[in-house]
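Undergrad: My file is entry-v6.pdb. It has PDB, N, CA and C atoms:
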```pdb
ATOM      1  N   SER A   1       0.137  14.496  33.306
ATOM      2  CA  SER A   1       0.301  13.521  34.362
ATOM      3  C   SER A   1      -1.026  13.164  35.009
ATOM      4  N   ASN A   2      -2.046  14.028  34.859
ATOM      5  CA  ASN A   2      -3.324  13.721  35.505
ATOM      6  C   ASN A   2      -4.310  13.067  34.545
ATOM      7  N   GLY A   3      -3.870  12.763  33.314
ATOM      8  CA  GLY A   3      -4.713  12.026  32.384
ATOM      9  C   GLY A   3      -5.737  12.845  31.641
ATOM     10  N   ARG A   4      -5.589  14.157  31.613
ATOM     11  CA  ARG A   4      -6.551  14.962  30.861
ATOM     12  C   ARG A   4      -5.833  15.740  29.772
ATOM     13  N   MET A   5      -6.596  16.161  28.791
ATOM     14  CA  MET A   5      -6.043  16.944  27.696
ATOM     15  C   MET A   5      -6.561  18.369  27.807
ATOM     16  N   GLU A   6      -5.706  19.328  27.537
ATOM     17  CA  GLU A   6      -6.146  20.718  27.544
ATOM     18  C   GLU A   6      -6.338  21.173  26.106
ATOM     19  N   TYR A   7      -7.476  21.741  25.833
ATOM     20  CA  TYR A   7      -7.790  22.260  24.500
ATOM     21  C   TYR A   7      -8.167  23.725  24.657
ATOM     22  N   ARG A   8      -7.413  24.590  24.026
ATOM     23  CA  ARG A   8      -7.709  26.019  24.093
ATOM     24  C   ARG A   8      -8.486  26.423  22.860
ATOM     25  N   VAL A   9      -9.623  27.005  23.059
ATOM     26  CA  VAL A   9     -10.509  27.381  21.973
ATOM     27  C   VAL A   9      -9.890  28.536  21.183
ATOM     28  N   PRO A  10      -9.807  28.391  19.851
ATOM     29  CA  PRO A  10      -9.290  29.495  19.030
ATOM     30  C   PRO A  10     -10.304  30.628  18.946
ATOM     31  N   ASP A  11      -9.907  31.733  18.330
ATOM     32  CA  ASP A  11     -10.828  32.861  18.243
ATOM     33  C   ASP A  11     -11.977  32.568  17.272
ATOM     34  N   ALA A  12     -12.899  33.484  17.163
ATOM     35  CA  ALA A  12     -14.120  33.280  16.393
ATOM     36  C   ALA A  12     -13.889  33.223  14.888
ATOM     37  N   ALA A  13     -12.689  33.566  14.412
ATOM     38  CA  ALA A  13     -12.402  33.526  12.978
ATOM     39  C   ALA A  13     -12.211  32.092  12.474
ATOM     40  N   VAL A  14     -12.060  31.144  13.380
ATOM     41  CA  VAL A  14     -11.814  29.758  12.991
ATOM     42  C   VAL A  14     -13.133  29.073  12.644
ATOM     43  N   ASN A  15     -13.115  28.317  11.568
ATOM     44  CA  ASN A  15     -14.271  27.516  11.196
ATOM     45  C   ASN A  15     -14.280  26.285  12.108
ATOM     46  N   PRO A  16     -15.270  26.168  12.991
ATOM     47  CA  PRO A  16     -15.255  25.053  13.953
ATOM     48  C   PRO A  16     -15.387  23.688  13.288
ATOM     49  N   TYR A  17     -16.033  23.606  12.137
ATOM     50  CA  TYR A  17     -16.171  22.320  11.461
ATOM     51  C   TYR A  17     -14.808  21.833  10.955
ATOM     52  N   LEU A  18     -14.037  22.745  10.372
ATOM     53  CA  LEU A  18     -12.708  22.365   9.887
ATOM     54  C   LEU A  18     -11.755  22.106  11.046
ATOM     55  N   SER A  19     -11.730  23.019  12.019
ATOM     56  CA  SER A  19     -10.764  22.872  13.113
ATOM     57  C   SER A  19     -11.015  21.600  13.917
ATOM     58  N   HIS A  20     -12.257  21.307  14.228
ATOM     59  CA  HIS A  20     -12.548  20.131  15.049
ATOM     60  C   HIS A  20     -12.334  18.833  14.268
ATOM     61  N   THR A  21     -12.615  18.855  12.964
ATOM     62  CA  THR A  21     -12.331  17.683  12.137
ATOM     63  C   THR A  21     -10.848  17.356  12.173
ATOM     64  N   LEU A  22     -10.014  18.399  12.048
ATOM     65  CA  LEU A  22      -8.570  18.173  12.006
ATOM     66  C   LEU A  22      -7.998  17.869  13.389
ATOM     67  N   ILE A  23      -8.580  18.421  14.432
ATOM     68  CA  ILE A  23      -8.138  18.076  15.792
ATOM     69  C   ILE A  23      -8.414  16.597  16.070
ATOM     70  N   ILE A  24      -9.590  16.136  15.697
ATOM     71  CA  ILE A  24      -9.932  14.725  15.901
ATOM     72  C   ILE A  24      -9.028  13.825  15.064
ATOM     73  N   ALA A  25      -8.734  14.233  13.814
ATOM     74  CA  ALA A  25      -7.833  13.441  12.965
ATOM     75  C   ALA A  25      -6.440  13.360  13.578
ATOM     76  N   ALA A  26      -5.943  14.478  14.110
ATOM     77  CA  ALA A  26      -4.616  14.489  14.732
ATOM     78  C   ALA A  26      -4.602  13.616  15.989
ATOM     79  N   MET A  27      -5.677  13.673  16.769
ATOM     80  CA  MET A  27      -5.757  12.827  17.968
ATOM     81  C   MET A  27      -5.787  11.352  17.575
ATOM     82  N   GLU A  28      -6.565  11.026  16.553
ATOM     83  CA  GLU A  28      -6.647   9.644  16.080
ATOM     84  C   GLU A  28      -5.272   9.141  15.632
ATOM     85  N   ASP A  29      -4.552   9.977  14.907
ATOM     86  CA  ASP A  29      -3.220   9.600  14.446
ATOM     87  C   ASP A  29      -2.292   9.346  15.633
ATOM     88  N   GLY A  30      -2.324  10.229  16.606
ATOM     89  CA  GLY A  30      -1.479  10.060  17.788
ATOM     90  C   GLY A  30      -1.806   8.801  18.564
ATOM     91  N   LEU A  31      -3.093   8.509  18.712
ATOM     92  CA  LEU A  31      -3.503   7.299  19.432
ATOM     93  C   LEU A  31      -3.148   6.031  18.659
ATOM     94  N   ASN A  32      -3.421   6.040  17.345
ATOM     95  CA  ASN A  32      -3.128   4.852  16.531
ATOM     96  C   ASN A  32      -1.636   4.541  16.477
ATOM     97  N   ARG A  33      -0.817   5.579  16.414
ATOM     98  CA  ARG A  33       0.635   5.361  16.332
ATOM     99  C   ARG A  33       1.292   5.377  17.707
ATOM    100  N   GLN A  34       0.474   5.545  18.749
ATOM    101  CA  GLN A  34       0.951   5.578  20.136
ATOM    102  C   GLN A  34       2.116   6.569  20.285
ATOM    103  N   LEU A  35       1.900   7.773  19.776
ATOM    104  CA  LEU A  35       2.932   8.802  19.841
ATOM    105  C   LEU A  35       3.067   9.341  21.257
ATOM    106  N   ASP A  36       4.282   9.572  21.654
ATOM    107  CA  ASP A  36       4.553  10.182  22.953
ATOM    108  C   ASP A  36       4.386  11.691  22.792
ATOM    109  N   PRO A  37       3.475  12.305  23.523
ATOM    110  CA  PRO A  37       3.265  13.745  23.354
ATOM    111  C   PRO A  37       4.423  14.591  23.858
ATOM    112  N   GLY A  38       5.339  13.999  24.581
ATOM    113  CA  GLY A  38       6.480  14.744  25.088
ATOM    114  C   GLY A  38       6.104  15.574  26.299
ATOM    115  N   LEU A  39       7.042  16.387  26.709
ATOM    116  CA  LEU A  39       6.817  17.255  27.866
ATOM    117  C   LEU A  39       5.960  18.440  27.485
ATOM    118  N   PRO A  40       5.267  19.036  28.446
ATOM    119  CA  PRO A  40       4.490  20.243  28.144
ATOM    120  C   PRO A  40       5.395  21.339  27.604
ATOM    121  N   ASP A  41       4.849  22.161  26.740
ATOM    122  CA  ASP A  41       5.605  23.264  26.148
ATOM    123  C   ASP A  41       5.929  24.290  27.219
ATOM    124  N   ALA A  42       7.194  24.626  27.328
ATOM    125  CA  ALA A  42       7.640  25.607  28.319
ATOM    126  C   ALA A  42       7.477  27.032  27.814
ATOM    127  N   GLY A  43       7.051  27.201  26.555
ATOM    128  CA  GLY A  43       6.870  28.533  26.006
ATOM    129  C   GLY A  43       8.146  29.172  25.496
ATOM    130  N   ASP A  44       9.232  28.402  25.438
ATOM    131  CA  ASP A  44      10.508  28.955  24.999
ATOM    132  C   ASP A  44      10.899  28.502  23.590
ATOM    133  N   GLY A  45       9.986  27.875  22.880
ATOM    134  CA  GLY A  45      10.265  27.431  21.522
ATOM    135  C   GLY A  45      11.029  26.124  21.440
ATOM    136  N   SER A  46      11.288  25.494  22.578
ATOM    137  CA  SER A  46      12.093  24.273  22.579
ATOM    138  C   SER A  46      11.326  23.064  22.045
ATOM    139  N   VAL A  47      10.010  23.094  22.096
ATOM    140  CA  VAL A  47       9.213  21.947  21.669
ATOM    141  C   VAL A  47       9.053  21.925  20.157
ATOM    142  N   GLY A  48       8.826  23.036  19.547
ATOM    143  CA  GLY A  48       8.620  23.111  18.108
ATOM    144  C   GLY A  48       8.125  24.484  17.727
ATOM    145  N   GLN A  49       8.227  24.784  16.465
ATOM    146  CA  GLN A  49       7.854  26.108  15.990
ATOM    147  C   GLN A  49       6.602  26.026  15.124
ATOM    148  N   LEU A  50       5.616  26.806  15.449
ATOM    149  CA  LEU A  50       4.437  26.923  14.614
ATOM    150  C   LEU A  50       4.717  27.909  13.491
ATOM    151  N   PRO A  51       3.978  27.830  12.397
ATOM    152  CA  PRO A  51       4.171  28.805  11.323
ATOM    153  C   PRO A  51       3.948  30.222  11.852
ATOM    154  N   LEU A  52       4.776  31.159  11.402
ATOM    155  CA  LEU A  52       4.684  32.539  11.875
ATOM    156  C   LEU A  52       3.823  33.417  10.987
ATOM    157  N   THR A  53       3.550  32.957   9.766
ATOM    158  CA  THR A  53       2.732  33.754   8.847
ATOM    159  C   THR A  53       1.642  32.876   8.252
ATOM    160  N   LEU A  54       0.637  33.525   7.684
ATOM    161  CA  LEU A  54      -0.406  32.784   6.988
ATOM    162  C   LEU A  54       0.197  32.024   5.817
ATOM    163  N   GLY A  55       1.144  32.623   5.120
ATOM    164  CA  GLY A  55       1.794  31.949   3.999
ATOM    165  C   GLY A  55       2.474  30.662   4.423
ATOM    166  N   ASP A  56       3.201  30.714   5.538
ATOM    167  CA  ASP A  56       3.863  29.512   6.063
ATOM    168  C   ASP A  56       2.838  28.464   6.489
ATOM    169  N   ALA A  57       1.741  28.907   7.091
ATOM    170  CA  ALA A  57       0.706  27.976   7.555
ATOM    171  C   ALA A  57       0.024  27.286   6.375
ATOM    172  N   VAL A  58      -0.256  28.027   5.314
ATOM    173  CA  VAL A  58      -0.893  27.434   4.132
ATOM    174  C   VAL A  58       0.042  26.417   3.489
ATOM    175  N   GLU A  59       1.332  26.758   3.427
ATOM    176  CA  GLU A  59       2.321  25.835   2.862
ATOM    177  C   GLU A  59       2.416  24.558   3.703
ATOM    178  N   ALA A  60       2.446  24.702   5.020
ATOM    179  CA  ALA A  60       2.520  23.538   5.909
ATOM    180  C   ALA A  60       1.263  22.678   5.789
ATOM    181  N   PHE A  61       0.112  23.314   5.692
ATOM    182  CA  PHE A  61      -1.139  22.578   5.542
ATOM    183  C   PHE A  61      -1.130  21.765   4.252
ATOM    184  N   GLY A  62      -0.732  22.389   3.148
ATOM    185  CA  GLY A  62      -0.702  21.693   1.865
ATOM    186  C   GLY A  62       0.273  20.525   1.846
ATOM    187  N   ALA A  63       1.341  20.627   2.621
ATOM    188  CA  ALA A  63       2.359  19.568   2.667
ATOM    189  C   ALA A  63       1.975  18.418   3.595
ATOM    190  N   ASP A  64       0.969  18.612   4.442
ATOM    191  CA  ASP A  64       0.581  17.592   5.413
ATOM    192  C   ASP A  64      -0.460  16.657   4.795
ATOM    193  N   THR A  65       0.015  15.582   4.189
ATOM    194  CA  THR A  65      -0.899  14.682   3.496
ATOM    195  C   THR A  65      -1.822  13.932   4.454
ATOM    196  N   TYR A  66      -1.398  13.761   5.703
ATOM    197  CA  TYR A  66      -2.277  13.073   6.651
ATOM    198  C   TYR A  66      -3.526  13.917   6.929
ATOM    199  N   LEU A  67      -3.318  15.173   7.272
ATOM    200  CA  LEU A  67      -4.469  16.021   7.577
ATOM    201  C   LEU A  67      -5.329  16.293   6.346
ATOM    202  N   THR A  68      -4.697  16.587   5.225
ATOM    203  CA  THR A  68      -5.485  16.895   4.027
ATOM    204  C   THR A  68      -6.269  15.677   3.546
ATOM    205  N   SER A  69      -5.812  14.474   3.896
ATOM    206  CA  SER A  69      -6.555  13.273   3.483
ATOM    207  C   SER A  69      -7.859  13.116   4.262
ATOM    208  N   HIS A  70      -8.037  13.867   5.343
ATOM    209  CA  HIS A  70      -9.255  13.778   6.139
ATOM    210  C   HIS A  70     -10.309  14.799   5.722
ATOM    211  N   LEU A  71     -10.015  15.544   4.680
ATOM    212  CA  LEU A  71     -10.969  16.513   4.142
ATOM    213  C   LEU A  71     -11.198  16.194   2.669
ATOM    214  N   PRO A  72     -12.355  16.568   2.121
ATOM    215  CA  PRO A  72     -12.574  16.342   0.689
ATOM    216  C   PRO A  72     -11.516  17.083  -0.147
ATOM    217  N   ALA A  73     -11.005  16.435  -1.193
ATOM    218  CA  ALA A  73      -9.943  17.006  -2.026
ATOM    219  C   ALA A  73     -10.347  18.361  -2.603
ATOM    220  N   GLY A  74     -11.593  18.477  -3.017
ATOM    221  CA  GLY A  74     -12.063  19.755  -3.562
ATOM    222  C   GLY A  74     -12.009  20.873  -2.533
ATOM    223  N   LEU A  75     -12.350  20.554  -1.297
ATOM    224  CA  LEU A  75     -12.303  21.541  -0.221
ATOM    225  C   LEU A  75     -10.868  21.972   0.046
ATOM    226  N   VAL A  76      -9.952  21.012   0.090
ATOM    227  CA  VAL A  76      -8.539  21.327   0.321
ATOM    228  C   VAL A  76      -8.024  22.241  -0.778
ATOM    229  N   SER A  77      -8.352  21.942  -2.001
ATOM    230  CA  SER A  77      -7.894  22.735  -3.140
ATOM    231  C   SER A  77      -8.439  24.165  -3.094
ATOM    232  N   ILE A  78      -9.741  24.292  -2.893
ATOM    233  CA  ILE A  78     -10.368  25.615  -2.862
ATOM    234  C   ILE A  78      -9.887  26.420  -1.657
ATOM    235  N   TYR A  79      -9.825  25.780  -0.501
ATOM    236  CA  TYR A  79      -9.404  26.474   0.720
ATOM    237  C   TYR A  79      -7.953  26.939   0.607
ATOM    238  N   THR A  80      -7.082  26.068   0.093
ATOM    239  CA  THR A  80      -5.676  26.428  -0.075
ATOM    240  C   THR A  80      -5.525  27.594  -1.042
ATOM    241  N   GLN A  81      -6.231  27.536  -2.150
ATOM    242  CA  GLN A  81      -6.155  28.624  -3.133
ATOM    243  C   GLN A  81      -6.681  29.936  -2.536
ATOM    244  N   LEU A  82      -7.785  29.870  -1.824
ATOM    245  CA  LEU A  82      -8.361  31.052  -1.190
ATOM    246  C   LEU A  82      -7.372  31.683  -0.215
ATOM    247  N   LYS A  83      -6.743  30.862   0.625
ATOM    248  CA  LYS A  83      -5.802  31.384   1.617
ATOM    249  C   LYS A  83      -4.499  31.864   0.984
ATOM    250  N   GLN A  84      -4.055  31.249  -0.124
ATOM    251  CA  GLN A  84      -2.876  31.752  -0.842
ATOM    252  C   GLN A  84      -3.164  33.131  -1.432
ATOM    253  N   GLU A  85      -4.356  33.304  -1.992
ATOM    254  CA  GLU A  85      -4.745  34.611  -2.548
ATOM    255  C   GLU A  85      -4.877  35.654  -1.441
ATOM    256  N   GLU A  86      -5.415  35.253  -0.302
ATOM    257  CA  GLU A  86      -5.523  36.167   0.838
ATOM    258  C   GLU A  86      -4.137  36.629   1.291
ATOM    259  N   TRP A  87      -3.188  35.698   1.358
ATOM    260  CA  TRP A  87      -1.818  36.030   1.762
ATOM    261  C   TRP A  87      -1.169  36.963   0.737
ATOM    262  N   ALA A  88      -1.391  36.702  -0.544
ATOM    263  CA  ALA A  88      -0.824  37.560  -1.591
ATOM    264  C   ALA A  88      -1.382  38.981  -1.493
ATOM    265  N   ARG A  89      -2.683  39.117  -1.228
ATOM    266  CA  ARG A  89      -3.285  40.453  -1.069
ATOM    267  C   ARG A  89      -2.703  41.154   0.150
ATOM    268  N   TYR A  90      -2.508  40.419   1.230
ATOM    269  CA  TYR A  90      -1.928  41.000   2.442
ATOM    270  C   TYR A  90      -0.504  41.494   2.170
ATOM    271  N   CYS A  91       0.279  40.669   1.492
ATOM    272  CA  CYS A  91       1.672  41.046   1.211
ATOM    273  C   CYS A  91       1.761  42.244   0.269
ATOM    274  N   GLY A  92       0.743  42.464  -0.557
ATOM    275  CA  GLY A  92       0.748  43.577  -1.498
ATOM    276  C   GLY A  92       0.182  44.864  -0.929
ATOM    277  N   ALA A  93      -0.338  44.827   0.279
ATOM    278  CA  ALA A  93      -0.949  46.016   0.884
ATOM    279  C   ALA A  93       0.118  46.876   1.564
ATOM    280  N   ILE A  94      -0.045  48.171   1.439
ATOM    281  CA  ILE A  94       0.847  49.116   2.118
ATOM    282  C   ILE A  94       0.124  49.595   3.371
ATOM    283  N   THR A  95       0.749  49.398   4.510
ATOM    284  CA  THR A  95       0.125  49.768   5.774
ATOM    285  C   THR A  95       0.423  51.223   6.108
ATOM    286  N   GLU A  96      -0.325  51.762   7.053
ATOM    287  CA  GLU A  96      -0.077  53.137   7.508
ATOM    288  C   GLU A  96       1.310  53.253   8.127
ATOM    289  N   TRP A  97       1.750  52.216   8.821
ATOM    290  CA  TRP A  97       3.075  52.230   9.418
ATOM    291  C   TRP A  97       4.150  52.349   8.330
ATOM    292  N   GLU A  98       4.015  51.554   7.266
ATOM    293  CA  GLU A  98       4.987  51.622   6.171
ATOM    294  C   GLU A  98       4.965  52.987   5.494
ATOM    295  N   ARG A  99       3.775  53.517   5.296
ATOM    296  CA  ARG A  99       3.644  54.832   4.666
ATOM    297  C   ARG A  99       4.338  55.899   5.517
ATOM    298  N   GLY A 100       4.087  55.878   6.817
ATOM    299  CA  GLY A 100       4.702  56.853   7.705
ATOM    300  C   GLY A 100       6.206  56.667   7.834
ATOM    301  N   MET A 101       6.648  55.425   7.811
ATOM    302  CA  MET A 101       8.068  55.132   7.989
ATOM    303  C   MET A 101       8.902  55.457   6.758
ATOM    304  N   TYR A 102       8.365  55.179   5.579
ATOM    305  CA  TYR A 102       9.180  55.251   4.371
ATOM    306  C   TYR A 102       8.788  56.347   3.387
ATOM    307  N   TRP A 103       7.640  56.998   3.550
ATOM    308  CA  TRP A 103       7.166  57.966   2.572
ATOM    309  C   TRP A 103       8.192  59.088   2.339
ATOM    310  N   GLY A 104       8.840  59.516   3.382
ATOM    311  CA  GLY A 104       9.809  60.608   3.261
ATOM    312  C   GLY A 104      11.092  60.203   2.537
ATOM    313  N   THR A 105      11.338  58.926   2.398
ATOM    314  CA  THR A 105      12.570  58.483   1.735
ATOM    315  C   THR A 105      12.395  58.212   0.258
ATOM    316  N   ILE A 106      11.156  58.317  -0.241
ATOM    317  CA  ILE A 106      10.914  58.071  -1.659
ATOM    318  C   ILE A 106      11.366  59.304  -2.443
ATOM    319  N   PRO A 107      12.227  59.105  -3.442
ATOM    320  CA  PRO A 107      12.719  60.267  -4.217
ATOM    321  C   PRO A 107      11.631  60.923  -5.044
TER     322      PRO A 107
END
```
If you convert what's in this file into structure tokens, what do you get?

TA:
Amino acid sequence: SNGRMEYRVPDAAVNPYLSHTLIIAAMEDGLNRQLDPGLPDAGDGSVGQLPLTLGDAVEAFGADTYLTSHLPAGLVSIYTQLKQEEWARYCGAITEWERGMYWGTIP
């Protein structure tokens, strides 16, 4: 209502060149299509759901042709493959919690 936008800086793991390129592309899309941003998020999930896992986020990114069109195709391909492999390695890892929780039940 006061005419300003709030931008919360992500943690240091984010590549600022990629994140800012895509933030600007999303803003441009919203302005060009005159999208209504809706009401502020109340924090109760009523506005929309963000991906809960890296796997879901990579899938959503690959499906978003608007955002991927603002990056070089080679970069999108390599980045997507890298993050899919990272997710696969994560899913294949056994954590200390899993070891402690289930080790005694293995025959």

Undergrad: Would you pick out the contacts of A:Val58 at 6.5 Å or less, using all atoms listed in the file, so that residues sharing its chain but fewer than 5 positions from it are not included, and give the list as a PyMOL selection string?

TA: chain A and resi 53+63+80

Undergrad: Restricting the calculation to all atoms listed in the file: of A:Pro40, A:Pro16, A:Gly30, A:Gly55, which residue gets closest to A:Glu86?

TA: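 Among A:Pro40, A:Pro16, A:Gly30, A:Gly55, it is A:Gly55 that comes nearest to A:Glu86.
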
Undergrad: Among the residues of chain A, find those DSSP assigns to alpha helix (DSSP H) from the backbone and print them as an NGL selection string.

TA: :A and (16-32 or 54-63 or 65-68 or 73-92 or 96-102)

Undergrad: Could you write out as lines of an AutoDock Vina configuration file the box around stretch 18-36 of chain A (axis-aligned, all atoms listed in the file, 6 Å on each side), with centre and edge lengths in Å to one decimal?

TA:
```
center_x = -4.7
center_y = 13.8
center_z = 16.4
size_x = 30.6
size_y = 30.5
size_z = 25.1
```

Undergrad: Considering only C-alpha atoms, state which residue in the set A:Leu67, A:Leu39, A:Leu50, A:Met101 is at the smallest distance from A:Leu22.

TA: A:Leu67

Undergrad: Using only C-alpha atoms, which residues sit within 12 Å of A:Ser19 once same-chain residues fewer than 6 positions away are excluded, as a PyMOL selection string?

TA: chain A and resi 7-13+25-26+67+70-71

Undergrad: Quick one: pull the distance between atom CA of A:Gly74 and atom CA of A:Tyr17, Å, one decimal.

TA: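 Here the two named atoms are 15.8 Å from each other.
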
Undergrad: Tell me, in Å to one decimal, how far atom N of A:Gly104 is from atom CA of A:Gly92.

TA: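 Going from atom N of A:Gly104 over to atom CA of A:Gly92, I get 18.5 Å.
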